[in-house]
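Q: File name run.cif; file contents mmCIF, C-alpha atoms; full text below.
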```cif
data_run
#
loop_
_atom_site.label_atom_id
_atom_site.label_comp_id
_atom_site.auth_asym_id
_atom_site.auth_seq_id
_atom_site.Cartn_x
_atom_site.Cartn_y
_atom_site.Cartn_z
CA MET Q 1 0.00 0.00 0.00
CA GLN Q 2 1.36 3.40 -0.99
CA GLY Q 3 1.45 5.89 1.85
CA TYR Q 4 0.05 9.40 1.96
CA GLU Q 5 3.44 11.06 1.47
CA GLU Q 6 4.34 9.00 -1.61
CA ILE Q 7 0.94 9.59 -3.20
CA PHE Q 8 0.69 13.32 -2.63
CA ASN Q 9 4.31 14.07 -3.45
CA GLN Q 10 3.11 13.26 -6.98
CA ARG Q 11 -0.56 14.24 -6.87
CA GLY Q 12 -0.55 17.17 -4.46
CA LYS Q 13 -0.22 20.03 -6.94
CA SER Q 14 -3.04 18.72 -9.16
CA TYR Q 15 -5.24 18.27 -6.07
CA HIS Q 16 -4.46 21.82 -4.94
CA LEU Q 17 -5.27 23.25 -8.36
CA ALA Q 18 -8.72 21.60 -8.21
CA MET Q 19 -9.36 23.13 -4.80
CA GLU Q 20 -8.18 26.56 -5.98
CA LYS Q 21 -10.35 26.54 -9.11
CA TYR Q 22 -13.45 25.22 -7.32
CA PRO Q 23 -13.03 26.33 -3.69
CA HIS Q 24 -16.72 25.87 -2.78
CA ALA Q 25 -17.33 22.46 -4.35
CA ARG Q 26 -16.79 20.63 -1.05
CA ASP Q 27 -18.27 23.19 1.35
CA GLU Q 28 -20.83 20.72 2.69
CA GLU Q 29 -18.07 18.24 3.44
CA PHE Q 30 -16.08 20.74 5.50
CA LEU Q 31 -19.29 21.72 7.32
CA ALA Q 32 -19.90 18.05 8.15
CA ALA Q 33 -16.50 17.99 9.89
CA THR Q 34 -16.59 21.38 11.62
CA LYS Q 35 -20.09 20.92 13.05
CA ARG Q 36 -18.61 18.17 15.21
CA LEU Q 37 -16.07 20.56 16.76
CA LEU Q 38 -16.67 22.56 19.93
CA GLN Q 39 -14.54 25.49 18.63
CA LYS Q 40 -14.30 27.32 21.93
CA GLU Q 41 -12.73 30.77 21.78
CA ASN Q 42 -8.91 30.69 21.70
CA CYS Q 43 -8.87 26.90 21.41
CA VAL Q 44 -6.15 25.23 19.32
CA ILE Q 45 -7.42 23.24 16.32
CA LEU Q 46 -5.03 21.02 14.37
CA ASP Q 47 -5.77 20.22 10.72
CA LEU Q 48 -3.98 16.95 9.89
CA PRO Q 49 -3.11 16.23 7.16
CA ALA Q 50 -3.98 19.73 6.03
CA GLY Q 51 -3.27 19.58 2.30
CA GLY Q 52 -3.41 23.22 1.24
CA GLY Q 53 -5.11 24.41 4.44
CA TYR Q 54 -8.65 24.24 3.03
CA LEU Q 55 -10.30 23.72 6.42
CA GLN Q 56 -9.24 27.05 7.87
CA ARG Q 57 -11.87 29.29 6.26
CA HIS Q 58 -14.62 27.02 7.61
CA LEU Q 59 -13.59 27.52 11.24
CA LYS Q 60 -14.99 30.12 13.61
CA LYS Q 61 -13.09 33.34 14.22
CA GLY Q 62 -11.16 33.34 17.47
CA VAL Q 63 -9.74 29.82 17.21
CA ASN Q 64 -6.04 29.11 16.74
CA TYR Q 65 -5.42 27.12 13.57
CA LEU Q 66 -2.48 24.75 13.17
CA ALA Q 67 -1.81 22.92 9.89
CA TYR Q 68 0.52 19.96 9.40
CA ASP Q 69 0.81 17.64 6.41
CA PHE Q 70 2.63 14.37 5.74
CA SER Q 71 3.61 15.47 2.23
CA GLY Q 72 3.70 19.25 2.01
CA GLU Q 73 3.55 19.19 -1.80
CA PHE Q 74 0.12 20.75 -2.32
CA ASN Q 75 1.44 24.18 -3.25
CA ASP Q 76 4.73 26.01 -3.56
CA ASN Q 77 4.57 28.35 -0.57
CA HIS Q 78 2.82 25.88 1.76
CA GLN Q 79 0.85 28.75 3.38
CA GLY Q 80 2.48 28.09 6.76
CA ILE Q 81 1.74 24.35 6.63
CA LYS Q 82 4.42 22.28 8.35
CA LYS Q 83 5.54 18.84 7.30
CA CYS Q 84 5.42 15.95 9.78
CA ARG Q 85 5.41 12.16 10.00
CA GLU Q 86 2.27 10.09 10.56
CA GLY Q 87 3.41 8.88 13.96
CA ARG Q 88 5.25 11.96 15.19
CA ILE Q 89 4.14 15.61 15.29
CA GLU Q 90 6.43 18.24 16.75
CA LEU Q 91 3.85 19.47 19.27
CA GLY Q 92 3.91 19.26 23.04
CA ASP Q 93 1.93 16.85 25.18
CA GLU Q 94 -1.69 17.96 25.74
CA SER Q 95 -1.19 21.08 23.59
CA VAL Q 96 -4.17 20.79 21.20
CA ASP Q 97 -7.90 21.08 21.91
CA GLU Q 98 -9.30 19.50 18.73
CA ILE Q 99 -7.99 17.70 15.65
CA VAL Q 100 -9.62 17.25 12.24
CA SER Q 101 -8.41 14.55 9.85
CA LEU Q 102 -10.62 14.80 6.77
CA ALA Q 103 -10.67 12.48 3.75
CA ALA Q 104 -7.11 11.23 4.26
CA PHE Q 105 -7.41 8.48 6.87
CA HIS Q 106 -7.57 5.78 4.18
CA HIS Q 107 -3.97 6.61 3.18
CA ILE Q 108 -2.54 6.48 6.72
CA ALA Q 109 -0.53 3.28 7.09
CA ALA Q 110 0.75 3.45 10.69
CA ARG Q 111 -2.68 3.78 12.25
CA GLN Q 112 -1.95 2.66 15.79
CA GLU Q 113 0.98 5.08 15.97
CA PHE Q 114 -1.30 7.79 14.59
CA TYR Q 115 -3.99 7.19 17.24
CA CYS Q 116 -1.44 7.21 20.07
CA GLU Q 117 0.19 10.39 18.79
CA MET Q 118 -3.19 12.13 18.55
CA LYS Q 119 -3.95 11.08 22.11
CA ARG Q 120 -0.57 12.40 23.28
CA ILE Q 121 -1.05 15.90 21.87
CA LEU Q 122 -4.75 16.26 22.77
CA LYS Q 123 -5.75 17.94 26.02
CA PRO Q 124 -7.97 15.95 28.41
CA GLY Q 125 -11.49 16.05 26.98
CA GLY Q 126 -10.09 16.94 23.54
CA ARG Q 127 -11.58 15.63 20.32
CA LEU Q 128 -10.20 13.91 17.24
CA ILE Q 129 -12.61 14.08 14.28
CA ILE Q 130 -11.87 11.57 11.52
CA GLY Q 131 -13.97 11.84 8.36
CA ASP Q 132 -13.47 9.24 5.67
CA VAL Q 133 -15.05 6.71 3.34
CA VAL Q 134 -16.74 3.68 4.91
CA ALA Q 135 -15.70 0.29 3.55
CA GLY Q 136 -18.13 -1.47 1.21
CA GLY Q 137 -20.11 1.48 -0.17
CA LYS Q 138 -20.34 3.40 -3.45
CA LEU Q 139 -17.35 5.58 -2.64
CA ASP Q 140 -15.24 2.53 -1.85
CA ARG Q 141 -16.10 1.21 -5.34
CA PHE Q 142 -15.45 4.62 -6.93
CA LEU Q 143 -12.05 5.17 -5.33
CA ASN Q 144 -10.73 1.60 -5.39
CA GLY Q 145 -12.41 0.90 -8.73
CA PHE Q 146 -12.79 3.88 -11.07
CA LEU Q 147 -9.89 5.87 -9.61
CA ASP Q 148 -7.69 2.78 -9.40
CA THR Q 149 -8.30 2.26 -13.13
CA TRP Q 150 -7.66 5.81 -14.32
CA ASN Q 151 -4.83 7.02 -12.07
CA SER Q 152 -1.39 5.69 -13.02
CA MET Q 153 -0.49 5.23 -9.33
CA GLY Q 154 -3.66 3.23 -8.74
CA HIS Q 155 -5.71 3.48 -5.56
CA ASN Q 156 -5.91 1.01 -2.71
CA GLY Q 157 -7.52 2.90 0.16
CA ARG Q 158 -8.11 1.28 3.57
CA PHE Q 159 -11.53 2.60 4.47
CA ILE Q 160 -13.30 2.76 7.84
CA THR Q 161 -14.34 -0.57 9.36
CA ASN Q 162 -15.41 -1.75 12.81
CA ASN Q 163 -11.79 -2.76 13.41
CA ASP Q 164 -10.77 0.90 13.26
CA ILE Q 165 -13.41 1.83 15.83
CA ASN Q 166 -12.28 -1.00 18.12
CA ASN Q 167 -8.61 -0.05 17.80
CA ILE Q 168 -9.31 3.62 18.57
CA ASN Q 169 -11.29 2.53 21.62
CA ARG Q 170 -8.38 0.37 22.76
CA CYS Q 171 -6.11 3.41 22.48
CA GLY Q 172 -8.19 5.10 25.17
CA PHE Q 173 -10.69 7.19 23.19
CA LYS Q 174 -14.47 7.16 23.51
CA VAL Q 175 -15.69 6.85 19.92
CA LYS Q 176 -18.97 7.88 18.29
CA PHE Q 177 -19.58 6.82 14.68
CA GLU Q 178 -22.02 8.56 12.30
CA LYS Q 179 -22.49 8.85 8.54
CA ASP Q 180 -23.19 12.12 6.74
CA GLN Q 181 -24.67 12.30 3.25
CA TYR Q 182 -24.34 15.53 1.26
CA PHE Q 183 -23.32 16.80 -2.19
CA TRP Q 184 -20.28 18.14 -3.97
CA ASP Q 185 -21.60 21.25 -5.71
CA PHE Q 186 -20.79 22.53 -9.22
CA SER Q 187 -22.27 25.08 -11.61
CA SER Q 188 -22.16 22.60 -14.50
CA GLN Q 189 -21.33 19.05 -15.49
CA GLU Q 190 -18.25 20.37 -17.31
CA ASP Q 191 -16.91 21.94 -14.11
CA ALA Q 192 -17.51 18.71 -12.20
CA ILE Q 193 -15.55 16.73 -14.82
CA GLU Q 194 -12.61 19.13 -14.65
CA PHE Q 195 -12.62 19.06 -10.83
CA PHE Q 196 -12.55 15.26 -10.72
CA ARG Q 197 -9.79 15.06 -13.34
CA LEU Q 198 -7.63 17.42 -11.28
CA LEU Q 199 -8.50 16.35 -7.73
CA PHE Q 200 -8.02 12.65 -8.45
CA CYS Q 201 -5.24 13.17 -11.01
CA LEU Q 202 -6.92 11.07 -13.72
CA ASP Q 203 -3.75 11.05 -15.80
CA LEU Q 204 -4.74 7.94 -17.79
CA LYS Q 205 -7.36 10.15 -19.41
CA PRO Q 206 -10.81 8.56 -19.17
CA SER Q 207 -13.32 9.96 -21.64
CA ASP Q 208 -15.87 12.51 -20.44
CA GLN Q 209 -18.49 9.76 -20.81
CA ASP Q 210 -16.48 7.48 -18.50
CA VAL Q 211 -16.42 10.22 -15.86
CA ILE Q 212 -20.14 10.98 -16.29
CA GLU Q 213 -20.98 7.30 -15.83
CA ALA Q 214 -18.96 7.34 -12.61
CA PHE Q 215 -21.00 10.38 -11.49
CA GLN Q 216 -24.20 8.51 -12.23
CA GLU Q 217 -23.05 5.57 -10.12
CA LEU Q 218 -22.44 7.95 -7.22
CA GLY Q 219 -25.74 9.76 -7.76
CA VAL Q 220 -26.41 13.08 -9.52
CA ARG Q 221 -28.97 15.78 -8.86
CA GLU Q 222 -29.45 18.43 -11.55
CA SER Q 223 -31.45 21.63 -11.21
CA LYS Q 224 -29.77 25.03 -11.41
CA ARG Q 225 -26.60 23.32 -10.10
CA TYR Q 226 -24.87 20.03 -10.85
CA LEU Q 227 -24.68 18.07 -7.59
CA ILE Q 228 -22.81 14.80 -7.00
CA ALA Q 229 -23.80 12.67 -4.03
CA TRP Q 230 -21.07 12.05 -1.48
CA GLU Q 231 -20.93 10.33 1.91
CA LEU Q 232 -18.34 10.01 4.66
CA GLY Q 233 -18.29 8.24 7.97
CA PHE Q 234 -17.28 10.42 10.92
CA LEU Q 235 -15.53 9.16 14.01
CA THR Q 236 -15.74 11.59 16.92
CA CYS Q 237 -13.03 10.38 19.31
CA GLU Q 238 -12.95 11.98 22.75
CA LYS Q 239 -9.92 11.68 25.02
#
```
Just dump the structure as structure tokens.
A:
Amino acid sequence: MQGYEEIFNQRGKSYHLAMEKYPHARDEEFLAATKRLLQKENCVILDLPAGGGYLQRHLKKGVNYLAYDFSGEFNDNHQGIKKCREGRIELGDESVDEIVSLAAFHHIAARQEFYCEMKRILKPGGRLIIGDVVAGGKLDRFLNGFLDTWNSMGHNGRFITNNDINNINRCGFKVKFEKDQYFWDFSSQEDAIEFFRLLFCLDLKPSDQDVIEAFQELGVRESKRYLIAWELGFLTCEK
């Protein structure tokens, strides 16, 4: 299994370009994560891995935002984002109030080390919010099927299972699991196609019809906007 750093050292800039060109496409996804945060004034919130720091504008004013990433290759100036390892973050014990790890958990290889490190840096009563694909659903088939076919690096994500919940519990967290269904939002089908080509680095060049058929498998709603159904599982882990 390729790790996060190896993958996004190659794909990071394409991913970042998608997020720059369509910054509001995933607004509902970021809301699904941030609504699970307490966001008390002056609290410290860690975004990990942060990519290009996309979470920050969805947080309340008055919180202190920290951004670390395992790759650091999403843009050229990194926007203050620091590079770290999966199992070691250069932060003090009990120094962070809340952590968000959104849509990247399936690329984290050293999971037990990751859980223990998150527990180390969280304050008592702190929260780790993990949002990712649940094993066995449409998104599992999209990412480990369609994306695996059309990205030259392939895709072999390890998605959320009951084993993950049990292992996080064993690390000393109290875990609550929920699913959120929402949409990725575009002004047109053409914009959605471009976003997917960039975000997922579809360098083996599927036809537009191939991409549209993948959209239809996920679920599409068309009115004044072009909406693609999306769903993540959220683990709210309290120390």
Q: Step by step, work through what the PyMOL selection byres ((chain Q and resi 143) around 10) selects in the shown file, and finish by giving those residues as a PyMOL selection string.
A: chain Q and resi 133+138-142+144-149+154-157+200
Q: Step by step, work through what the PyMOL selection byres ((chain Q and resi 118-129) around 9) selects in the shown file, and finish by giving those residues as a ChimeraX atom specification.
A: /Q:33-34,36-38,87,89,91-102,113-117,130-131,171-173,234-239
Q: Find the distance between CA of Asn169 (chain Q) and CA of Asp47 (chain Q) and write it in Å to one decimal.
A: 21.5 Å
Q: Enumerate, as a list in words, the protein, DNA and RNA residues whose atoms approach (-18.1, 16.5, -3.5) to within 7 Å, taking into account all atoms listed in the file and the coordinate frame of the file.
A: Ala25, Arg26, Phe183, Trp184, Asp185, Ile228, Ala229 and Trp230 of chain Q
Q: Tell me which of Q:Met19, Q:Val220, Q:Leu59, Q:Ile160 sits closest to Phe196 (chain Q), counting all atoms listed in the file.
A: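 Closest to Phe196 (chain Q), using all atoms listed in the file: Q:Met19.
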Q: With only C-alpha atoms as the basis for distance, which of Q:Ile108, Q:Leu232, Q:Ala50, Q:Ile7 is at the shortest distance from Ala135 (chain Q)?
A: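 Once distances to Ala135 (chain Q) are computed over only C-alpha atoms, the minimum belongs to Q:Leu232.
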Q: Considering only C-alpha atoms, state which residue in the set Q:Arg11, Q:Asn42, Q:Glu217, Q:Lys60 is at the smallest distance from Leu202 (chain Q).
A: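 Checking each candidate against Leu202 (chain Q), we get Q:Arg11 as the closest.
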Q: Apply the PyMOL selection byres ((chain Q and resi 152) around 7) to the file shown and report the selected residues as a list of chain:residue names.
A: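 For this structure, the PyMOL selection byres ((chain Q and resi 152) around 7) captures Q:Trp150, Q:Asn151, Q:Met153, Q:Gly154, Q:Asp203, Q:Leu204.
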Q: Let me see the file: selected residues, C-alpha atoms, as a compact mmCIF listing (two decimals), keeping the file's coordinate frame.
A:
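And here's selection-v2.txt as it stands now:
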```txt
# COMPACT_ATOMS: atom_id res chain seq x y z
CA TRP Q 150 -7.66 5.81 -14.32
CA ASN Q 151 -4.83 7.02 -12.07
CA MET Q 153 -0.49 5.23 -9.33
CA GLY Q 154 -3.66 3.23 -8.74
CA ASP Q 203 -3.75 11.05 -15.80
CA LEU Q 204 -4.74 7.94 -17.79
```
Q: For Leu17 (chain Q), which of Q:Asp210, Q:Glu29, Q:Glu194, Q:Glu86 is the closest residue, counting only C-alpha atoms?
A: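 Comparing Q:Asp210, Q:Glu29, Q:Glu194, Q:Glu86 against Leu17 (chain Q), the winner is Q:Glu194.
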Q: Which distance in Å separates CA of Glu41 (chain Q) and CA of Lys83 (chain Q), to one decimal?
A: 26.2 Å
Q: What separation in Å, quoted to one decimal, exists between CA of Ala110 (chain Q) and CA of Asn166 (chain Q)?
A: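 Between these atoms lies a distance of 15.6 Å.
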Q: Under the rule that all atoms listed in the file are counted, which of Q:His58, Q:Lys40, Q:Lys176, Q:Lys205 is the nearest residue to Asp164 (chain Q)?
A: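 Once distances to Asp164 (chain Q) are computed over all atoms listed in the file, the minimum belongs to Q:Lys176.
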Q: Rank Q:Tyr68, Q:Arg111, Q:Tyr4, Q:Val134 by their smallest atom-to-atom distance to Gln181 (chain Q), using only C-alpha atoms, and report the top residue only.
A: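 Nearest candidate to Gln181 (chain Q) out of Q:Tyr68, Q:Arg111, Q:Tyr4, Q:Val134: Q:Val134.
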Q: Can I get a file of region 20-60 of chain Q from the given structure, C-alpha atoms kept, as an mmCIF file, in the first residue's frame?
A:
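Output saved as selection-v1.cif:
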```cif
data_model
loop_
_atom_site.group_PDB
_atom_site.id
_atom_site.type_symbol
_atom_site.label_atom_id
_atom_site.label_comp_id
_atom_site.auth_asym_id
_atom_site.auth_seq_id
_atom_site.Cartn_x
_atom_site.Cartn_y
_atom_site.Cartn_z
ATOM 1 C CA GLU Q 20 -8.176 26.562 -5.977
ATOM 2 C CA LYS Q 21 -10.348 26.544 -9.112
ATOM 3 C CA TYR Q 22 -13.454 25.217 -7.319
ATOM 4 C CA PRO Q 23 -13.034 26.332 -3.690
ATOM 5 C CA HIS Q 24 -16.716 25.874 -2.777
ATOM 6 C CA ALA Q 25 -17.335 22.461 -4.351
ATOM 7 C CA ARG Q 26 -16.785 20.629 -1.048
ATOM 8 C CA ASP Q 27 -18.266 23.192 1.346
ATOM 9 C CA GLU Q 28 -20.833 20.722 2.694
ATOM 10 C CA GLU Q 29 -18.065 18.236 3.443
ATOM 11 C CA PHE Q 30 -16.076 20.738 5.498
ATOM 12 C CA LEU Q 31 -19.288 21.719 7.317
ATOM 13 C CA ALA Q 32 -19.904 18.050 8.150
ATOM 14 C CA ALA Q 33 -16.504 17.992 9.887
ATOM 15 C CA THR Q 34 -16.586 21.376 11.620
ATOM 16 C CA LYS Q 35 -20.094 20.924 13.049
ATOM 17 C CA ARG Q 36 -18.607 18.173 15.215
ATOM 18 C CA LEU Q 37 -16.066 20.559 16.760
ATOM 19 C CA LEU Q 38 -16.670 22.558 19.930
ATOM 20 C CA GLN Q 39 -14.535 25.492 18.633
ATOM 21 C CA LYS Q 40 -14.303 27.317 21.931
ATOM 22 C CA GLU Q 41 -12.734 30.766 21.783
ATOM 23 C CA ASN Q 42 -8.909 30.687 21.702
ATOM 24 C CA CYS Q 43 -8.874 26.895 21.411
ATOM 25 C CA VAL Q 44 -6.154 25.231 19.319
ATOM 26 C CA ILE Q 45 -7.416 23.244 16.320
ATOM 27 C CA LEU Q 46 -5.034 21.024 14.375
ATOM 28 C CA ASP Q 47 -5.768 20.215 10.724
ATOM 29 C CA LEU Q 48 -3.984 16.946 9.885
ATOM 30 C CA PRO Q 49 -3.114 16.227 7.162
ATOM 31 C CA ALA Q 50 -3.978 19.729 6.033
ATOM 32 C CA GLY Q 51 -3.269 19.582 2.301
ATOM 33 C CA GLY Q 52 -3.413 23.220 1.237
ATOM 34 C CA GLY Q 53 -5.114 24.411 4.436
ATOM 35 C CA TYR Q 54 -8.650 24.239 3.030
ATOM 36 C CA LEU Q 55 -10.303 23.723 6.425
ATOM 37 C CA GLN Q 56 -9.241 27.052 7.868
ATOM 38 C CA ARG Q 57 -11.868 29.286 6.265
ATOM 39 C CA HIS Q 58 -14.619 27.017 7.605
ATOM 40 C CA LEU Q 59 -13.589 27.518 11.238
ATOM 41 C CA LYS Q 60 -14.985 30.124 13.609
#
```
